[in-house]
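For reference, my_file_15.tsv (TSV, C-alpha atoms):
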```
chain	number	residue	atom	x	y	z
A	1016	MET	CA	21.98	-61.23	-23.15
A	1017	MET	CA	24.82	-62.99	-24.96
A	1018	ARG	CA	22.94	-64.30	-27.99
A	1019	PHE	CA	25.90	-64.25	-30.38
A	1020	THR	CA	28.72	-65.96	-28.51
A	1021	GLU	CA	30.95	-67.92	-30.92
A	1022	ARG	CA	29.26	-66.32	-33.93
A	1023	VAL	CA	30.92	-64.26	-36.62
A	1024	ALA	CA	29.06	-61.31	-38.10
A	1025	ILE	CA	29.81	-59.07	-41.07
A	1026	VAL	CA	28.23	-55.61	-40.92
A	1027	THR	CA	28.47	-53.33	-43.94
A	1028	GLY	CA	28.03	-49.60	-43.50
A	1029	ALA	CA	29.47	-50.03	-40.00
A	1030	GLY	CA	31.21	-46.66	-40.02
A	1031	SER	CA	28.20	-44.68	-38.85
A	1032	GLY	CA	24.53	-44.65	-37.90
A	1033	ILE	CA	22.56	-47.88	-37.92
A	1034	GLY	CA	25.56	-49.96	-39.00
A	1035	ARG	CA	27.65	-48.64	-36.14
A	1036	ALA	CA	24.91	-49.22	-33.58
A	1037	THR	CA	24.39	-52.75	-34.91
A	1038	ALA	CA	28.08	-53.61	-34.83
A	1039	LEU	CA	28.34	-52.36	-31.25
A	1040	ARG	CA	25.29	-54.32	-30.15
A	1041	LEU	CA	26.43	-57.54	-31.82
A	1042	ALA	CA	29.83	-57.21	-30.16
A	1043	GLY	CA	28.20	-56.45	-26.83
A	1044	GLU	CA	26.26	-59.71	-27.12
A	1045	GLY	CA	29.38	-61.77	-27.81
A	1046	ALA	CA	29.81	-61.77	-31.59
A	1047	THR	CA	33.08	-61.48	-33.46
A	1048	VAL	CA	32.34	-58.51	-35.71
A	1049	VAL	CA	33.79	-57.71	-39.12
A	1050	MET	CA	33.03	-54.07	-39.81
A	1051	ALA	CA	33.09	-52.90	-43.41
A	1052	ASP	CA	32.56	-49.41	-44.78
A	1053	TRP	CA	33.88	-47.13	-47.52
A	1054	SER	CA	34.96	-44.65	-44.79
A	1055	GLU	CA	38.10	-45.70	-42.94
A	1056	GLU	CA	37.65	-42.76	-40.58
A	1057	GLY	CA	34.15	-43.93	-39.69
A	1058	LEU	CA	35.38	-47.46	-39.07
A	1059	LEU	CA	38.04	-46.20	-36.68
A	1060	GLU	CA	35.41	-44.22	-34.79
A	1061	THR	CA	33.24	-47.32	-34.47
A	1062	ALA	CA	36.20	-49.44	-33.39
A	1063	ALA	CA	37.03	-46.94	-30.67
A	1064	GLN	CA	33.58	-47.52	-29.15
A	1065	MET	CA	33.81	-51.31	-29.14
A	1066	PRO	CA	33.73	-53.14	-25.80
A	1067	PRO	CA	37.32	-53.85	-24.66
A	1068	GLU	CA	36.74	-57.61	-24.71
A	1069	ALA	CA	35.24	-57.66	-28.21
A	1070	THR	CA	36.93	-59.34	-31.17
A	1071	HIS	CA	36.59	-57.17	-34.26
A	1072	ILE	CA	38.33	-56.16	-37.45
A	1073	GLU	CA	37.75	-53.22	-39.77
A	1074	ARG	CA	37.95	-53.30	-43.55
A	1075	LYS	CA	37.41	-50.59	-46.13
A	1076	LEU	CA	34.91	-51.84	-48.71
A	1077	ASP	CA	32.90	-50.70	-51.69
A	1078	VAL	CA	30.04	-53.19	-51.72
A	1079	SER	CA	29.37	-52.53	-55.41
A	1080	ASP	CA	32.83	-53.92	-56.29
A	1081	GLU	CA	32.40	-57.69	-56.60
A	1082	ASP	CA	36.13	-58.45	-56.48
A	1083	ALA	CA	36.44	-56.49	-53.24
A	1084	VAL	CA	33.42	-58.26	-51.75
A	1085	LYS	CA	34.78	-61.67	-52.72
A	1086	THR	CA	38.19	-60.85	-51.22
A	1087	LEU	CA	36.66	-59.68	-47.94
A	1088	VAL	CA	34.49	-62.76	-47.51
A	1089	SER	CA	37.40	-65.08	-48.32
A	1090	GLU	CA	39.55	-63.27	-45.77
A	1091	VAL	CA	36.89	-63.56	-43.07
A	1092	VAL	CA	36.37	-67.28	-43.67
A	1093	ALA	CA	40.13	-67.89	-43.71
A	1094	GLN	CA	40.61	-66.03	-40.44
A	1095	PHE	CA	37.52	-67.09	-38.49
A	1096	GLY	CA	36.33	-70.23	-40.28
A	1097	GLN	CA	32.72	-69.17	-40.65
A	1098	VAL	CA	30.18	-66.40	-41.21
A	1099	ASP	CA	27.02	-66.74	-39.14
A	1100	ILE	CA	25.43	-63.32	-39.61
A	1101	LEU	CA	25.42	-60.85	-42.48
A	1102	VAL	CA	23.98	-57.37	-42.01
A	1103	ASN	CA	23.65	-55.59	-45.36
A	1104	ASN	CA	23.45	-52.01	-44.15
A	1105	ALA	CA	25.64	-50.06	-46.58
A	1106	GLY	CA	23.64	-47.50	-48.51
A	1107	ILE	CA	23.56	-44.08	-50.09
A	1108	SER	CA	20.63	-41.71	-50.52
A	1109	GLY	CA	21.53	-39.75	-53.62
A	1110	GLY	CA	20.85	-36.39	-52.02
A	1111	ASN	CA	18.20	-34.30	-53.78
A	1112	TYR	CA	14.81	-35.62	-54.90
A	1113	PRO	CA	14.20	-34.28	-58.44
A	1114	PRO	CA	11.11	-35.51	-60.33
A	1115	VAL	CA	11.60	-38.54	-62.54
A	1116	THR	CA	11.68	-36.34	-65.64
A	1117	GLU	CA	14.88	-34.78	-64.31
A	1118	ASN	CA	16.58	-37.98	-63.13
A	1119	GLU	CA	20.06	-38.84	-64.38
A	1120	LYS	CA	20.94	-42.38	-65.43
A	1121	ALA	CA	24.28	-42.12	-63.63
A	1122	ASP	CA	22.55	-41.38	-60.31
A	1123	TRP	CA	20.35	-44.45	-60.71
A	1124	GLU	CA	23.32	-46.65	-61.53
A	1125	LYS	CA	25.31	-45.41	-58.54
A	1126	ILE	CA	22.48	-45.76	-56.02
A	1127	LEU	CA	21.29	-49.14	-57.30
A	1128	GLY	CA	24.91	-50.29	-57.41
A	1129	VAL	CA	25.42	-49.72	-53.69
A	1130	ASN	CA	21.98	-50.22	-52.19
A	1131	LEU	CA	20.68	-53.17	-54.21
A	1132	ILE	CA	23.49	-54.77	-56.21
A	1133	GLY	CA	25.83	-54.38	-53.24
A	1134	ALA	CA	23.42	-56.31	-51.02
A	1135	MET	CA	23.08	-59.00	-53.68
A	1136	LEU	CA	26.86	-59.35	-54.01
A	1137	MET	CA	27.32	-59.74	-50.27
A	1138	ILE	CA	24.62	-62.43	-50.17
A	1139	LYS	CA	26.07	-64.13	-53.25
A	1140	HIS	CA	29.50	-64.57	-51.63
A	1141	VAL	CA	28.49	-65.08	-47.99
A	1142	ALA	CA	25.52	-67.42	-48.41
A	1143	PRO	CA	27.49	-70.44	-49.75
A	1144	HIS	CA	29.45	-70.55	-46.49
A	1145	MET	CA	26.19	-70.49	-44.54
A	1146	GLN	CA	24.68	-73.16	-46.78
A	1147	SER	CA	27.61	-75.50	-46.18
A	1148	ARG	CA	27.05	-75.24	-42.42
A	1149	GLN	CA	23.26	-75.37	-42.71
A	1150	GLN	CA	22.78	-72.21	-40.69
A	1151	GLY	CA	22.93	-68.46	-40.97
A	1152	ALA	CA	20.98	-65.23	-40.74
A	1153	ILE	CA	21.01	-62.34	-43.19
A	1154	VAL	CA	19.40	-58.99	-42.39
A	1155	ASN	CA	19.10	-56.30	-45.05
A	1156	THR	CA	18.45	-52.63	-44.37
A	1157	ALA	CA	15.64	-51.51	-46.66
A	1158	SER	CA	13.49	-48.43	-45.91
A	1159	VAL	CA	9.94	-47.19	-45.62
A	1160	ALA	CA	10.83	-45.52	-48.93
A	1161	GLY	CA	10.69	-49.00	-50.45
A	1162	ILE	CA	7.10	-49.42	-49.23
A	1163	ARG	CA	5.54	-46.13	-50.28
A	1164	SER	CA	6.50	-42.79	-51.79
A	1165	GLY	CA	7.46	-39.67	-49.87
A	1166	ALA	CA	10.49	-40.95	-47.97
A	1167	GLY	CA	13.17	-40.67	-50.64
A	1168	GLY	CA	13.97	-39.88	-54.24
A	1169	ASN	CA	13.09	-42.10	-57.18
A	1170	PRO	CA	16.31	-44.13	-57.44
A	1171	TYR	CA	16.67	-44.50	-53.66
A	1172	SER	CA	13.06	-45.62	-53.25
A	1173	ALA	CA	13.36	-48.06	-56.13
A	1174	SER	CA	16.57	-49.49	-54.71
A	1175	LYS	CA	14.95	-50.10	-51.33
A	1176	ALA	CA	11.88	-51.68	-52.90
A	1177	GLY	CA	14.36	-53.93	-54.68
A	1178	VAL	CA	16.01	-54.80	-51.36
A	1179	ILE	CA	12.64	-55.86	-49.97
A	1180	ASN	CA	12.01	-58.11	-52.96
A	1181	LEU	CA	15.57	-59.46	-52.87
A	1182	THR	CA	14.95	-60.34	-49.23
A	1183	GLN	CA	11.93	-62.39	-50.23
A	1184	THR	CA	13.51	-64.16	-53.20
A	1185	ALA	CA	16.76	-64.88	-51.35
A	1186	ALA	CA	14.77	-66.27	-48.43
A	1187	CYS	CA	13.13	-68.69	-50.84
A	1188	ASP	CA	16.47	-69.66	-52.37
A	1189	LEU	CA	18.18	-70.25	-49.03
A	1190	GLY	CA	15.43	-71.49	-46.73
A	1191	GLY	CA	16.11	-75.13	-47.53
A	1192	PHE	CA	19.60	-74.67	-46.12
A	1193	ASN	CA	18.32	-73.21	-42.84
A	1194	VAL	CA	19.56	-69.76	-43.84
A	1195	ARG	CA	17.11	-67.00	-42.97
A	1196	VAL	CA	16.86	-63.68	-44.83
A	1197	ASN	CA	14.91	-60.72	-43.47
A	1198	ALA	CA	14.93	-56.94	-43.72
A	1199	VAL	CA	14.21	-53.92	-41.58
A	1200	CYS	CA	12.57	-50.83	-43.06
A	1201	PRO	CA	13.66	-47.79	-41.04
A	1202	GLY	CA	11.60	-44.65	-40.88
A	1203	LEU	CA	13.24	-41.31	-40.11
A	1204	VAL	CA	16.39	-42.03	-38.09
A	1205	GLU	CA	19.24	-39.67	-37.29
A	1206	THR	CA	22.24	-41.06	-39.20
A	1207	GLY	CA	24.99	-39.77	-41.44
A	1208	MET	CA	22.64	-40.22	-44.40
A	1209	THR	CA	19.98	-37.98	-42.88
A	1210	LYS	CA	22.40	-35.45	-41.37
A	1211	ALA	CA	21.41	-32.71	-43.81
A	1212	VAL	CA	17.74	-33.05	-42.82
A	1213	PHE	CA	18.52	-32.80	-39.12
A	1214	ASP	CA	21.03	-29.97	-39.59
A	1215	TYR	CA	18.47	-27.96	-41.56
A	1216	ALA	CA	15.75	-28.55	-38.98
A	1217	ARG	CA	17.97	-27.49	-36.10
A	1218	ALA	CA	19.30	-24.45	-37.90
A	1219	ASN	CA	15.73	-23.31	-38.57
A	1220	GLU	CA	14.31	-24.25	-35.15
A	1221	LYS	CA	12.18	-27.02	-36.64
A	1222	GLU	CA	13.66	-30.06	-34.89
A	1223	HIS	CA	10.39	-30.50	-32.97
A	1224	LYS	CA	8.67	-31.29	-36.27
A	1225	LEU	CA	10.95	-34.17	-37.19
A	1226	GLY	CA	9.08	-37.46	-37.05
A	1227	THR	CA	5.71	-35.89	-36.25
A	1228	ARG	CA	4.05	-37.60	-39.23
A	1229	CYS	CA	4.53	-41.06	-37.68
A	1230	GLU	CA	2.24	-42.45	-34.99
A	1231	LEU	CA	4.82	-42.16	-32.19
A	1232	ARG	CA	5.38	-38.50	-33.11
A	1233	ARG	CA	9.16	-38.69	-33.01
A	1234	TYR	CA	12.15	-39.80	-35.06
A	1235	GLY	CA	14.05	-42.99	-34.36
A	1236	LYS	CA	17.46	-43.73	-32.94
A	1237	PRO	CA	20.08	-45.99	-34.57
A	1238	GLU	CA	20.04	-48.14	-31.44
A	1239	GLU	CA	16.34	-48.89	-31.98
A	1240	LEU	CA	17.09	-50.20	-35.46
A	1241	ALA	CA	20.05	-52.17	-34.13
A	1242	ALA	CA	17.74	-53.88	-31.63
A	1243	ALA	CA	15.42	-55.00	-34.42
A	1244	ILE	CA	18.30	-56.14	-36.63
A	1245	CYS	CA	19.85	-58.15	-33.82
A	1246	PHE	CA	16.49	-59.75	-33.04
A	1247	LEU	CA	16.13	-60.91	-36.65
A	1248	ALA	CA	19.75	-62.15	-36.64
A	1249	SER	CA	19.24	-64.11	-33.43
A	1250	ASP	CA	17.73	-67.48	-32.61
A	1251	ASP	CA	14.79	-65.57	-31.12
A	1252	ALA	CA	13.67	-65.14	-34.74
A	1253	SER	CA	14.41	-68.73	-35.75
A	1254	TYR	CA	11.06	-69.17	-37.54
A	1255	ILE	CA	11.05	-65.82	-39.33
A	1256	THR	CA	12.31	-65.46	-42.88
A	1257	GLY	CA	11.40	-63.52	-46.00
A	1258	GLN	CA	9.96	-60.62	-44.00
A	1259	ALA	CA	10.46	-56.85	-44.21
A	1260	LEU	CA	9.83	-55.32	-40.78
A	1261	PRO	CA	9.00	-51.61	-40.66
A	1262	VAL	CA	10.77	-49.97	-37.72
A	1263	ASP	CA	9.25	-46.59	-38.27
A	1264	GLY	CA	7.23	-45.42	-35.30
A	1265	GLY	CA	4.06	-46.42	-37.14
A	1266	ASN	CA	4.83	-44.33	-40.21
A	1267	THR	CA	3.50	-46.96	-42.61
A	1268	ALA	CA	0.50	-47.87	-40.46
A	1269	SER	CA	-1.70	-45.16	-41.99
A	1270	LEU	CA	-2.08	-43.19	-45.19
A	1271	ASN	CA	0.23	-40.59	-43.65
A	1272	MET	CA	-0.75	-37.82	-46.05
A	1273	PRO	CA	0.55	-34.29	-45.46
A	1274	GLY	CA	-1.68	-32.37	-43.06
A	1275	MET	CA	-3.31	-35.49	-41.60
A	1276	LYS	CA	-1.38	-35.35	-38.34
A	1277	VAL	CA	-0.50	-32.56	-35.94
```
Kindly present the structure from the file in structure tokens form.
Amino acid sequence: MMRFTERVAIVTGAGSGIGRATALRLAGEGATVVMADWSEEGLLETAAQMPPEATHIERKLDVSDEDAVKTLVSEVVAQFGQVDILVNNAGISGGNYPPVTENEKADWEKILGVNLIGAMLMIKHVAPHMQSRQQGAIVNTASVAGIRSGAGGNPYSASKAGVINLTQTAACDLGGFNVRVNAVCPGLVETGMTKAVFDYARANEKEHKLGTRCELRRYGKPEELAAAICFLASDDASYITGQALPVDGGNTASLNMPGMKV
């Protein structure tokens, strides 16, 4: 399939994991891809895996810095004339999961700044260019942690719940301009963010337990999330907006309480 020929896509968090897999898939289906990430090393690794015929550029970016976001979007429009697809994938987890009584304000500000405010800033500066052309697709990476507890710490979960709601409100704001806004909600996927979980499981011979609490009894792959993101970004999803799609092996399909599944 070449669903994205002559389309320009910006992918944040493209230096690893789901963002990398999405950037590679978009490029493989014909898109010009602007890859943004705070890690220059990660961006270079993604670029090295790009198809030889793909048009792509890499830019270091802190999505919580509005001036930096505005500069990037202006540069992309000046160079390519348009932005057709925005994938808001940049995110941080915050590491440990202390109870709310032990939470630090600074941790909340940092996590919300990247995960939620960063997504808002990207939409704020990209969407006007989509509105002027009366077309565009935005896909945000939320999480099952934004749907129910147990998949992340308090600030991370709150940030992803916010991303789901931002998806809905932005879809309402932009729908009249034929700009669609959707989200994916990943379950457990092996990425840079979850590396510590996977490293611990492998070091303690527990890898076989990873993902067993979801209905498919396994963890996900970044490429599986990329497939869902690219579907929502494509014309195949032309009548879908304001939705948050769990891509979680069925994790959110049941109560999923500890001890319920073997």
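Of the residues listed (A:Ala1259, A:Val1078, A:Ser1054, A:Ser1172), A:Ala1259 shows the shortest atom-to-atom separation from Val1196 of chain A; distances use only C-alpha atoms.
With distances restricted to only C-alpha atoms, A:Ala1241 is the closest residue to Val1262 of chain A from A:Ala1241, A:Val1088, A:Val1141, A:Ala1166.
By only C-alpha atoms, and with residues fewer than 3 positions from Gly1235 of chain A along its chain excluded, the set lying at most 9 Å from it is Pro1201, Gly1202, Leu1203, Val1204, Glu1205, Gly1226, Glu1238, Glu1239, Leu1240, Val1262, Asp1263 and Gly1264 of chain A.
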What separates atom CA of Lys1236 of chain A and atom CA of Ala1268 of chain A is a distance of 19.0 Å
With distances taken over all atoms listed in the file, the candidate from A:Leu1131, A:Ala1218, A:Ile1033, A:Ala1062 nearest Gly1161 of chain A is A:Leu1131
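When only C-alpha atoms are used to compute distances to Ser1031 of chain A, the closest of the residues A:Ser1089, A:Gln1064, A:Thr1184, A:Asn1266 turns out to be A:Gln1064.
For the choices A:Val1092, A:Val1199, A:Ala1185, A:Ala1069, the atom-to-atom distance to Gly1045 of chain A is smallest for A:Ala1069 when using all atoms listed in the file.
Interatomic distance, atom CA of Lys1175 of chain A against atom CA of Asn1130 of chain A: 7.1 Å.
Atom CA of Asn1193 of chain A is found 5.4 Å from atom CA of Gln1149 of chain A.
Near (26.4, -61.7, -30.5), the residues that fall inside 7 Å on the basis of only C-alpha atoms are Met1017, Arg1018, Phe1019, Thr1020, Arg1022, Leu1041, Ala1042, Gly1043, Glu1044, Gly1045 and Ala1046 of chain A.
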